[in-house]
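Structure, as structure tokens:
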Amino acid sequence: APCGLSASMVAIMEGQAEEMRKALMRFKVCSAPLPPEALVAAPGLADREPMGAGIPAQATLPPHADILIFGPSGSGKSSLIRTFYMALHKTREVPGDFADRIIVKDTAMNEGTLKYVSAVIKNARCDHKGQTLSSAIMCHDTRGHIWMDEREQKQLSIMMDGSVQDDHVVQ
């Protein structure tokens with residue numbers, strides 16, 4: 001067993017990871033919170049299934065959820081995004097096109113992410129009518145920040161507002 005863990009503990013951890021993968025594959029993002037009357041009409045709806053799986057069919061799902069990864073230079077932002085992908089897809093490597101977008105370089109040489117870059121870690125699932133059944137999950141990698149001075153706070157605000165184009169430097 002890895003790291004001296006018992007076989008039963010490894011089995012429990014693997015089972016929990018598999019449950020999380022399944023929940024993420026069903027992941028849905030509500031475009032707006034459900035009104036209280038919807039929750040009253042369907043008791044237990046809010047806590048019945050994880051990650052929005054119990055959302056009524058009439059709720060409108062956006063095509064994707066955005067996860068903005070922001071932090072100091074060399075803190076592992078790009079590595080975290082790659083880990084999300086590998087864990088979700090049960091693989092030890094990310095595909096070449098993904099690796100070309102989410103680059104992990106030598107932090108000692110300050111060669112990490114230089115631009116705002118987006119990568120889909122989970123594709124949306126749609127029905128035959130094009131209705132979103134399961135939202136995509138998109139991560140946004142950012143240039144590392146050091147001081148969080150006024151300029152860097154402004155850059156964070158611009159990214160949070162969604163005012164940055166993919167593969168561009170944030171001004």
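Naming works like this for the structure tokens: A, B, ... for the chains as they're shown, residue 1 at the start of each chain, ligands 1 onward in shown order.
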* Asked: Which polymer residues have any atom within 12 Å of an atom of Tyr85 of chain A, counting only C-alpha atoms, with same-chain residues fewer than 4 positions away left out, as number ranges by chain?
  -> A: 21, 24-25, 78-81, 89-95, 98-99, 102, 119-123, 137-139
* **Contacts of Asp167 of chain A within 6 Å, only C-alpha atoms, excl. fewer than 4 positions in-chain, as a VMD selection string** => chain A and resid 115 to 117
Go ahead and save the residues from that selection, with N, CA and C atoms, as a JSON list (two decimals), in the first residue's frame.
[["chain", "number", "residue", "atom", "x", "y", "z"],
["A", 115, "LYS", "N", 0.30, 34.67, -19.19],
["A", 115, "LYS", "CA", -0.95, 35.22, -19.69],
["A", 115, "LYS", "C", -2.13, 34.60, -18.95],
["A", 116, "TYR", "N", -3.29, 35.17, -19.16],
["A", 116, "TYR", "CA", -4.54, 34.61, -18.68],
["A", 116, "TYR", "C", -4.92, 33.51, -19.66],
["A", 117, "VAL", "N", -5.00, 32.26, -19.19],
["A", 117, "VAL", "CA", -5.23, 31.13, -20.08],
["A", 117, "VAL", "C", -6.36, 30.27, -19.53]]
* Mind pulling up the distance from atom CA of Asp141 of chain A to atom CA of Phe27 of chain A? ->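 Between atom CA of Phe27 of chain A and atom CA of Asp141 of chain A the gap works out to 20.8 Å.
With distances restricted to only C-alpha atoms, A:Arg143 is the closest residue to Val104 of chain A from A:Asp66, A:Gly130, A:Ile12, A:Arg143.
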* To do: Can you work out the spacing between atom CA of Leu133 of chain A and atom CA of Pro63 of chain A in Å, to one decimal?
  =>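 So the two atoms, atom CA of Leu133 of chain A and atom CA of Pro63 of chain A, lie 9.2 Å apart.
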* For Ile69 of chain A, the nearest of the candidates A:Ser163, A:Thr142, A:Ser118, A:Gln171, counting only C-alpha atoms ->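 Ranked by minimum distance to Ile69 of chain A, first place goes to A:Thr142.
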